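Structure record follows, encoded as structure tokens.
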Amino acid sequence: MKSLKIITVLGGTALVVLGVGLAWMNPGKESYEEYAVEKLSTYLKDEVCTQTPKQLEFLNPDPEFLKRQCQSLVDTGRPQIQQIIDQQTERQNWVIFSIYRTDINISPLLPAYHFETVGVLQQFLTYQAQQK
């Protein structure tokens, strides 16, 4: 009976320590914004900037030039990207983890996107990304 009490106390203590550790490592909204800006910027550079519109090729027939200009615009616009993410993100804080929902809808001329990301242990995992 005494060993059962010891095991129960040790198990309970371990759960409390684990819960406190998870709560302490729950990333905040600022960390999420840094993550989201990096992911979105990488996506824009790798996917959007490589799709040089045919209508712009008359400006400069070198597609690499247009790609570099697009990538430079993305780098220059990072503060604005961060502001959009900040304004269009909702955080649900569950103490030991957080769920972030971001809806990016900049203009009726551009597609809108919905992202859902979980943050735990100072890490992020985007589990839903869809074009609206």
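Here, A, B, ... name the chains of the structure tokens in the order displayed, residue numbers run from 1 inside each chain, and ligands are numbered from 1 in the same displayed order.
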Within 8 Å of region 71-88 of chain A using only C-alpha atoms, minus same-chain residues under 3 positions, as a VMD selection string: chain A and resid 33 to 34 36 to 37 41 44 to 45 49 67 to 68 102 to 104
Separation of CA of Leu121 (chain A) from CA of Asn26 (chain A), in Å and rounded to one decimal: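 Between CA of Leu121 (chain A) and CA of Asn26 (chain A) the gap works out to 5.6 Å.
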Give the alpha helix (DSSP H) residues of region 2-123 of chain A, as assigned by DSSP on the backbone, as JSON, numbers by chain. {"A": [2, 3, 4, 5, 6, 7, 8, 9, 10, 11, 12, 13, 14, 15, 16, 17, 18, 19, 20, 21, 22, 23, 24, 29, 30, 31, 32, 33, 34, 35, 36, 37, 38, 39, 40, 41, 42, 43, 63, 64, 65, 66, 67, 68, 69, 70, 71, 72, 73, 74, 75, 76, 78, 79, 80, 81, 82, 83, 84, 85, 86, 87]}
Go through A:Val48, A:Gly12, A:Tyr43, A:Glu116 one by one, measure the shortest atom-to-atom distance of each to Gln128 (chain A) using only C-alpha atoms, and give the residue with the smallest value. A:Glu116
Check the smallest atom-to-atom distance from each of A:Gln69, A:Ile106, A:Tyr32, A:Glu64 to Thr126 (chain A) using only C-alpha atoms, then report the winner. A:Tyr32
DSSP strand (DSSP E) residues within region 7-132 of chain A, listed as a list in words: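 DSSP on the backbone gives strand (DSSP E) at Thr89, Glu90, Arg91, Gln92, Asn93, Ser98, Ile99, Tyr100, Arg101, Thr102, Asp103, Ile104, Tyr113, His114, Phe115, Glu116, Thr117, Val118, Gly119, Val120, Gln123, Phe124, Leu125, Thr126, Tyr127, Gln128, Ala129, Gln130 and Gln131 of chain A.
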CA of Leu125 (chain A) to CA of Thr50 (chain A), straight-line distance in Å: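 Atom-to-atom, CA of Thr50 (chain A) and CA of Leu125 (chain A) are spaced 25.3 Å apart.
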Closest of A:Val118, A:Val95, A:Thr8, A:Gln131 to Tyr35 (chain A) - atom-to-atom distances counting only C-alpha atoms: A:Val118
For Glu30 (chain A), which residue out of A:Tyr127, A:Tyr100, A:Phe115, A:Trp94 is the nearest one, using only C-alpha atoms?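 Distance minimum relative to Glu30 (chain A) lands on A:Tyr100.
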At what distance in Å, to one decimal, does CA of Thr13 (chain A) lie from CA of Val120 (chain A)?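 These atoms are spaced 21.1 Å apart.
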